Amino acid sequence: MGICAVKGWGITGTRGDAYSAEVSTEAHAGKPVVRMWRSGDGADGFGAMCQRFKPDVYRGKRVQFSAALRTVDVTDRAALCFRVDGHESDGPGRHLAFDNMMARPPVSGTTSWARYACVLDVPEEATALFISNILSGRGELFWADVRFEVVDDSVPVTDMPAMYALKSAPTNLDFSEA
């Protein structure tokens, strides 16, 4: 059973029950480090250490969610995830903006500390913000120096709209397009 022993954070994911997280004895740049790992059998699915909160002070602003990550023997991938949610009446799981680093090279295997970021615009109609790490497969993800901050428009957004945007009609129903 997955356990998150870090105040203010929870565990979710397709196999959140198989992942655990705790504050490590390690420090990075003088800051506490959290270690997340697969505590259950198998390597299917993913776990995510997460928070969901109100967007009130961030509406109409560009926001960067970043952290330093280090991995040990990660069999699939590790990443950050930042999601801006809209009204449920607009459809189940309505996301106004989303980035889980899937459009970038994977962070996998054993890596040294490096900083990663997700940058999204928070529209006025946002109803919630969701931030997390992601660990897919087996291995260990260490993360530290987590930041959530307003940035100016010179910082490009990392939104993945082409992958997750709602289309106005169904497409490629005959599978003729590759």
# chains A, B, ... in the order shown; residues from 1 in each chain; ligands from 1

call {"tool": "residues_around", "arguments": {"residues": "Gly42 in chain A", "least_positions_apart": "5", "cutoff": "10 Å", "atoms": "only C-alpha atoms", "output": "list in words"}}
result
Ala18, Gly137 and Arg138 of chain A

call {"tool": "write_last_selection", "arguments": {"atoms": "N, CA and C atoms", "output": "mmCIF file, in the first residue's frame"}}
result
data_model
loop_
_atom_site.group_PDB
_atom_site.id
_atom_site.type_symbol
_atom_site.label_atom_id
_atom_site.label_comp_id
_atom_site.auth_asym_id
_atom_site.auth_seq_id
_atom_site.Cartn_x
_atom_site.Cartn_y
_atom_site.Cartn_z
ATOM 1 N N ALA A 18 0.833 1.568 -4.987
ATOM 2 C CA ALA A 18 2.097 0.820 -5.030
ATOM 3 C C ALA A 18 3.328 1.701 -4.822
ATOM 4 N N GLY A 137 6.912 2.939 -13.336
ATOM 5 C CA GLY A 137 7.776 1.773 -13.249
ATOM 6 C C GLY A 137 8.458 1.696 -11.889
ATOM 7 N N ARG A 138 9.615 1.065 -11.881
ATOM 8 C CA ARG A 138 10.364 0.874 -10.645
ATOM 9 C C ARG A 138 11.510 1.878 -10.568
#

call {"tool": "residues_around", "arguments": {"residues": "Arg15 in chain A", "least_positions_apart": "5", "cutoff": "7 Å", "atoms": "only C-alpha atoms", "output": "compact mmCIF listing (two decimals) with N, CA and C atoms, in the first residue's frame"}}
result
# COMPACT_ATOMS: atom_id res chain seq x y z
N GLY A 45 1.85 0.91 -14.48
CA GLY A 45 1.25 2.13 -13.99
C GLY A 45 2.25 3.13 -13.45
N PHE A 46 1.69 4.14 -12.72
CA PHE A 46 2.55 5.19 -12.16
C PHE A 46 1.98 5.67 -10.83
N GLY A 47 2.84 6.30 -10.07
CA GLY A 47 2.44 6.98 -8.85
C GLY A 47 2.86 8.43 -8.94

call {"tool": "atom_distance", "arguments": {"atom1": "CA of Gly2 in chain A", "atom2": "CA of Trp37 in chain A"}}
result
9.3 Å

call {"tool": "residues_around", "arguments": {"residues": "Val84 in chain A", "least_positions_apart": "4", "cutoff": "9 Å", "atoms": "only C-alpha atoms", "output": "PyMOL selection string"}}
result
chain A and resi 55+94-98+120-123+126-130

call {"tool": "closest_residue", "arguments": {"among": "A:Ala114, A:Ala27, A:Leu69, A:Val157", "to": "Leu135 in chain A", "atoms": "only C-alpha atoms"}}
result
A:Leu69

call {"tool": "residues_around", "arguments": {"residues": "Thr75 in chain A", "least_positions_apart": "6", "cutoff": "10 Å", "atoms": "only C-alpha atoms", "output": "list in words"}}
result
Ala43, Val107, Ser108, Gly109, Thr110, Leu135, Ser136, Gly137, Arg138, Gly139 and Glu140 of chain A

call {"tool": "write_last_selection", "arguments": {"atoms": "N, CA and C atoms", "output": "CSV table (one decimal), in the first residue's frame"}}
result
chain,number,residue,atom,x,y,z
A,43,ALA,N,5.6,-3.5,-12.1
A,43,ALA,CA,6.2,-2.2,-12.7
A,43,ALA,C,5.2,-1.5,-13.5
A,107,VAL,N,13.1,11.3,-18.3
A,107,VAL,CA,14.1,11.2,-17.2
A,107,VAL,C,14.0,9.8,-16.7
A,108,SER,N,15.0,9.0,-17.0
A,108,SER,CA,15.0,7.6,-16.6
A,108,SER,C,16.4,7.1,-16.3
A,109,GLY,N,16.5,5.8,-15.8
A,109,GLY,CA,17.8,5.3,-15.4
A,109,GLY,C,18.2,5.9,-14.2
A,110,THR,N,19.5,6.2,-14.1
A,110,THR,CA,20.2,6.9,-13.0
A,110,THR,C,20.7,8.2,-13.5
A,135,LEU,N,6.3,9.1,-11.1
A,135,LEU,CA,7.3,8.0,-11.2
A,135,LEU,C,6.6,6.8,-11.8
A,136,SER,N,7.0,6.4,-13.0
A,136,SER,CA,6.4,5.3,-13.7
A,136,SER,C,7.4,4.1,-13.6
A,137,GLY,N,6.9,2.9,-13.3
A,137,GLY,CA,7.8,1.8,-13.2
A,137,GLY,C,8.5,1.7,-11.9
A,138,ARG,N,9.6,1.1,-11.9
A,138,ARG,CA,10.4,0.9,-10.6
A,138,ARG,C,11.5,1.9,-10.6
A,139,GLY,N,12.2,1.9,-9.4
A,139,GLY,CA,13.3,2.8,-9.2
A,139,GLY,C,13.0,3.9,-8.1
A,140,GLU,N,13.8,4.8,-8.0
A,140,GLU,CA,13.7,5.9,-7.0
A,140,GLU,C,13.8,7.2,-7.6

call {"tool": "closest_residue", "arguments": {"among": "A:Lys61, A:Pro106, A:Ala21, A:Phe175", "to": "Phe142 in chain A", "atoms": "only C-alpha atoms"}}
result
A:Ala21

call {"tool": "atom_distance", "arguments": {"atom1": "CA of Val146 in chain A", "atom2": "CA of Phe65 in chain A"}}
result
7.5 Å

call {"tool": "residues_around", "arguments": {"residues": "Cys50 in chain A", "least_positions_apart": "5", "cutoff": "8 Å", "atoms": "only C-alpha atoms", "output": "list in words"}}
result
Trp9, Gly10, Ile11, Thr12, Phe130, Ile131, Ser132 and Asn133 of chain A

call {"tool": "write_last_selection", "arguments": {"atoms": "N, CA and C atoms", "output": "PDB file, in the first residue's frame"}}
result
ATOM      1  N   TRP A   9       1.090  16.648   1.239  1.00  0.00           N
ATOM      2  CA  TRP A   9       1.156  15.931  -0.033  1.00  0.00           C
ATOM      3  C   TRP A   9       0.417  14.605   0.084  1.00  0.00           C
ATOM      4  N   GLY A  10      -0.107  14.128  -1.039  1.00  0.00           N
ATOM      5  CA  GLY A  10      -0.757  12.831  -1.107  1.00  0.00           C
ATOM      6  C   GLY A  10      -0.182  12.031  -2.253  1.00  0.00           C
ATOM      7  N   ILE A  11      -0.608  10.785  -2.350  1.00  0.00           N
ATOM      8  CA  ILE A  11      -0.177   9.915  -3.445  1.00  0.00           C
ATOM      9  C   ILE A  11      -1.396   9.605  -4.312  1.00  0.00           C
ATOM     10  N   THR A  12      -1.231   9.712  -5.622  1.00  0.00           N
ATOM     11  CA  THR A  12      -2.271   9.369  -6.579  1.00  0.00           C
ATOM     12  C   THR A  12      -1.614   8.632  -7.735  1.00  0.00           C
ATOM     13  N   PHE A 130      -3.226  21.731  -9.950  1.00  0.00           N
ATOM     14  CA  PHE A 130      -2.727  20.437  -9.517  1.00  0.00           C
ATOM     15  C   PHE A 130      -1.248  20.370  -9.850  1.00  0.00           C
ATOM     16  N   ILE A 131      -0.410  20.012  -8.865  1.00  0.00           N
ATOM     17  CA  ILE A 131       1.022  19.831  -9.093  1.00  0.00           C
ATOM     18  C   ILE A 131       1.435  18.475  -8.543  1.00  0.00           C
ATOM     19  N   SER A 132       2.404  17.852  -9.217  1.00  0.00           N
ATOM     20  CA  SER A 132       2.886  16.557  -8.735  1.00  0.00           C
ATOM     21  C   SER A 132       4.227  16.223  -9.364  1.00  0.00           C
ATOM     22  N   ASN A 133       4.851  15.209  -8.786  1.00  0.00           N
ATOM     23  CA  ASN A 133       5.906  14.515  -9.497  1.00  0.00           C
ATOM     24  C   ASN A 133       5.238  13.303 -10.119  1.00  0.00           C
TER      25      ASN A 133
END

call {"tool": "closest_residue", "arguments": {"among": "A:Asp76, A:Thr71, A:Cys81, A:Gly86", "to": "Ser112 in chain A", "atoms": "only C-alpha atoms"}}
result
A:Thr71

call {"tool": "select_by_dssp", "arguments": {"residues": "range 47-174 of chain A", "states": "helix (DSSP H, G or I)", "output": "list in words"}}
result
Asp56, Val57, Tyr58, Glu88, Ser89, Asp90, Pro161, Ala162, Met163 and Tyr164 of chain A

call {"tool": "write_last_selection", "arguments": {"atoms": "C-alpha atoms", "output": "PDB file, in the first residue's frame"}}
result
ATOM      1  CA  ASP A  56      -7.353  32.474  -6.877  1.00  0.00           C
ATOM      2  CA  VAL A  57      -4.057  34.386  -6.548  1.00  0.00           C
ATOM      3  CA  TYR A  58      -2.700  32.950  -9.828  1.00  0.00           C
ATOM      4  CA  GLU A  88     -16.571  20.060 -14.128  1.00  0.00           C
ATOM      5  CA  SER A  89     -19.708  21.163 -15.992  1.00  0.00           C
ATOM      6  CA  ASP A  90     -17.468  21.674 -19.048  1.00  0.00           C
ATOM      7  CA  PRO A 161      -2.598  21.591 -26.009  1.00  0.00           C
ATOM      8  CA  ALA A 162      -2.339  19.532 -29.180  1.00  0.00           C
ATOM      9  CA  MET A 163      -2.358  16.328 -27.145  1.00  0.00           C
ATOM     10  CA  TYR A 164      -5.116  17.210 -24.677  1.00  0.00           C
TER      11      TYR A 164
END

call {"tool": "residues_around", "arguments": {"residues": "Ile3 in chain A", "least_positions_apart": "2", "cutoff": "7 Å", "atoms": "only C-alpha atoms", "output": "list in words"}}
result
Met1, Ala5, Tyr19, Ser20 and Ala21 of chain A

call {"tool": "atom_distance", "arguments": {"atom1": "CA of Asn100 in chain A", "atom2": "CA of Glu177 in chain A"}}
result
26.1 Å

call {"tool": "closest_residue", "arguments": {"among": "A:Arg115, A:Arg77, A:Lys31, A:Arg83", "to": "Met102 in chain A", "atoms": "only C-alpha atoms"}}
result
A:Arg77

call {"tool": "residues_around", "arguments": {"residues": "Glu22 in chain A", "least_positions_apart": "3", "cutoff": "6 Å", "atoms": "only C-alpha atoms", "output": "list in words"}}
result
Ala5, Val6, Val34 and Arg35 of chain A

call {"tool": "select_by_dssp", "arguments": {"residues": "range 6-47 of chain A", "states": "strand (DSSP E or B)", "output": "list in words"}}
result
Gly10, Ile11, Thr12, Tyr19, Ser20, Ala21, Glu22, Val23, Ser24, Thr25, Glu26, Ala27, His28, Lys31, Pro32, Val33, Val34, Arg35, Met36, Trp37, Arg38, Phe46 and Gly47 of chain A

call {"tool": "closest_residue", "arguments": {"among": "A:Asp73, A:Glu124, A:Asp99, A:Asp17", "to": "Lys54 in chain A", "atoms": "only C-alpha atoms"}}
result
A:Glu124
